[in-house]
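S.K.: Just passing along the structure, written as C-alpha cells.
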Amino acid sequence: MIAVAVLASFVAFLDGSVVNLALPAIATDFGGGLALQQWVVDGYLLALGALILVAGAVSDQFGRLAVLRTGLAVFAVASLLCALAPTGWILVAARCLQGVGAAFLVPSSLAMINSRFTGARQAAAIGTWTAWTGTAFVVGPPLGGLLVDALNWRWVFGINVLPLAVTLYLTTRLGREKASTGRSGRVDVGGAALCATGLTGAVYALIEQQRLGPTHPAVVTGFVLGVTCLVAFPFWERRVPNPIMPLGLFASRNFAVGNLATVFLYAAVSLGTLIVALFLQETVGMSAALAGLATLPLPVLSFFLARRFGSLAGTHGPRVFMAVGPLIAAAGFLLMTTARAPFDFWTQMLPGLIVFGVGLSVTVSPLTAAVLAAVDPAQSGIGSAVNNAVSRVAGLIAVAFTGVIVGSGATTSTAMDFAGFRSGAVVVAVLFAVAGVVSGVGISNRQCDMGLVSPEASARCHDRVTPPPALAASD
C-alpha cells in the first residue's frame, strides 16, 4: 500500500517540478507568447485550487481507494492528452484536467496511509512517503530539461503515463475499502462552484486583457463575474452546514496571519520561479537542460535544510524564521536585479538563486507548522487543505499578473527582456518582504504547540516544503 501511495504522489510531484522548463518550447510550437504560457500553468492551478478543498469530503463519501483510483486515471488520461495536444488551447484544457486529477490524487494517498496505520507505524509510513516523494523535486529539473532538449516537450507529460498505469494496476491488488463513516461526507457543491467560477473569471480577465484589452466585453464580463463570485463565497460558507472552508478557523490569530503571509509568500514563489525559468531560456538563451541545472540549488537547498529549520522552529518558535526567511529570499531576488547584458550566470544569477533557496528553506517548514498548530488537531486535515488552497490561489493570481509586471513585450511572441525580468524580480522581492513583515508583526510563538501537528497534515504540504523550480502543484 505504501508503494502505491509513493508512486502516485511521486509522479504528480515530478510533473509539477518540470513544467516551467517546457514552457518556452511549448510557446515555440504553438505561438501565443506569455499568455499561453500563463494558461498552461494557471489551467492546472485553477482546477487544483478550486477542488483541493473538497477532496476530503469526496473521499469520505466515495471511499479513499476509489477516489485515488479515479485521480490516477484522470491524471494519466490528462497527461496523455497533454502529450498529444495538437493546439495550445487543447493543451490548456488537458492541464485543467490534470489539475482535477491532482486535487484528489495526493490527499487520497495520504488519507489511505492515515487510515491503515496507527501510532509509530503511521509516522514511519508517512516518513517513507515524504522521503521518496521529496526526491521528485531534486531529479525533476535536470530530467525535465533533458527530456525537452533530447526528445520533445511532449515527453514531459508523456513520461507520466506508464508509471501511473502501473500504480493504477497495483491498486487493484489492495483490499476493498469502505467509505468513511466518521463524517457525513457531504460535498459543498455551491462553495466549490463559487470558488471555481470566481477564480476562472478573475484569471481570465487578468490574462486575456493583455491580448484583448481591458475594456473588451469578454474581459469585463469575466472580471465582474469572477469578483462577484469571490465576494459571495465567504457569505455562502458562513451559511452552509458543511463548508469547504470553515471560516471559524480564521478566528485563531496564527491561522489567519499565517494564511495572510502564505498569500504573499507563494505569490512571490510562483511569480519568481516562473520568470526565472522563462528568463534563463528565452532571454539568456539557455537550453532547457541547462536551465534545469541552473535552478537546481532551490530544491537541493530545501531538501537538505527545510527539515532542520522546521525542527528549530519547534524549539524556538516559528516567528523569527517566518519573519527573517522571506527577507532573505527578497534579498536573493534583489541580487538578481543585477542581470543585464552581457549576461554572466555565475555572478549575476547564481548568488541570488542560492540566497533565495536559503530564505525559502528558512521559511516554509516553520510557516506550515505554525498554521497547522493553530487549529484543533481534529481539524488539522481541513486546516492543511485550506492553507494549501490559499497557496495555490496566490500562485494562480500572481502568474495571471505576470504580463502586467514584466511588460507588454512578453505578452506576444517576443521574449521577456532584461528590463522586464528586473521589474519582475523587484515585485517578487517586495512580495517576500511583505510576507516577512506580516509574519514578524502577527505571529505569536505562544500559540504554537508544534506537538499538535500531525504527520499526515504536515505531509499534505510536503511539495511546498521542497519547492521545485517550476510551480509545485500536486497535492
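A note on labels: chains of the C-alpha cells are A, B, ... as shown, every chain counts residues from 1, and ligands are counted from 1 in their shown order.
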Need to verify the contact set: A:Trp153, 12 Å, only C-alpha atoms, exclusion of same-chain residues closer than 4 positions in sequence. Can you return it as a ChimeraX atom specification?

M.R.: /A:15,18-30,82-85,91,143-149,157-159,288-289

S.K.: Report as a list in words all protein, DNA and RNA residues lying within 7 Å of stretch 291-296 of chain A, evaluated on only C-alpha atoms, omitting residues in the same chain fewer than 6 positions from it.

M.R.: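 Residues near the query, excluding close chain neighbours: Leu21, Pro141, Pro142, Gly145, Ala277, Leu280, Gln281 and Pro469 of chain A.
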
S.K.: Write the residues you've just listed into a file as a short mmCIF file (atom, residue, chain, number, x, y, z; two decimals), in the first residue's frame, and include N, CA and C atoms for each of them.

M.R.:
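Printed below is result-v3.cif as written:
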```
data_model
loop_
_atom_site.label_atom_id
_atom_site.label_comp_id
_atom_site.auth_asym_id
_atom_site.auth_seq_id
_atom_site.Cartn_x
_atom_site.Cartn_y
_atom_site.Cartn_z
N LEU A 21 10.01 24.43 -17.25
CA LEU A 21 11.13 24.25 -18.18
C LEU A 21 10.65 23.97 -19.60
N PRO A 141 14.01 18.77 -12.19
CA PRO A 141 14.55 19.79 -13.10
C PRO A 141 15.55 19.26 -14.13
N PRO A 142 16.60 18.51 -13.71
CA PRO A 142 17.52 18.03 -14.75
C PRO A 142 16.86 17.03 -15.70
N GLY A 145 14.59 18.99 -18.13
CA GLY A 145 15.38 19.71 -19.11
C GLY A 145 15.94 18.78 -20.18
N ALA A 277 12.63 30.85 -14.83
CA ALA A 277 12.68 29.80 -15.86
C ALA A 277 12.56 30.40 -17.26
N LEU A 280 15.87 32.59 -18.16
CA LEU A 280 17.07 31.82 -18.48
C LEU A 280 17.00 31.21 -19.87
N GLN A 281 15.80 30.83 -20.30
CA GLN A 281 15.69 30.20 -21.62
C GLN A 281 15.41 31.21 -22.73
N PRO A 469 11.78 24.28 -9.12
CA PRO A 469 11.92 25.47 -9.91
C PRO A 469 10.67 25.78 -10.72
#
```

S.K.: Taking 4 positions as the minimum chain separation for residues in the same chain, which residues sit within 9 Å of A:Gly201 when counting only C-alpha atoms? Answer as number ranges by chain.

M.R.: A: 196-197, 205-206, 219, 221-227, 229

S.K.: What is the distance between atom CA of A:Val77 and atom CA of A:Gly33, in Å to one decimal?

M.R.: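 We find that atom CA of A:Val77 and atom CA of A:Gly33 lie 26.3 Å from each other.
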
S.K.: Within stretch 149-359 of chain A, find each residue whose DSSP state, derived from the backbone, is helix (DSSP H, G or I), and express the selection as number ranges by chain.

M.R.: A: 149-150, 154-158, 161-171, 189-212, 217-239, 247-251, 253-283, 288-294, 297-316, 319-336, 345-348, 350-359
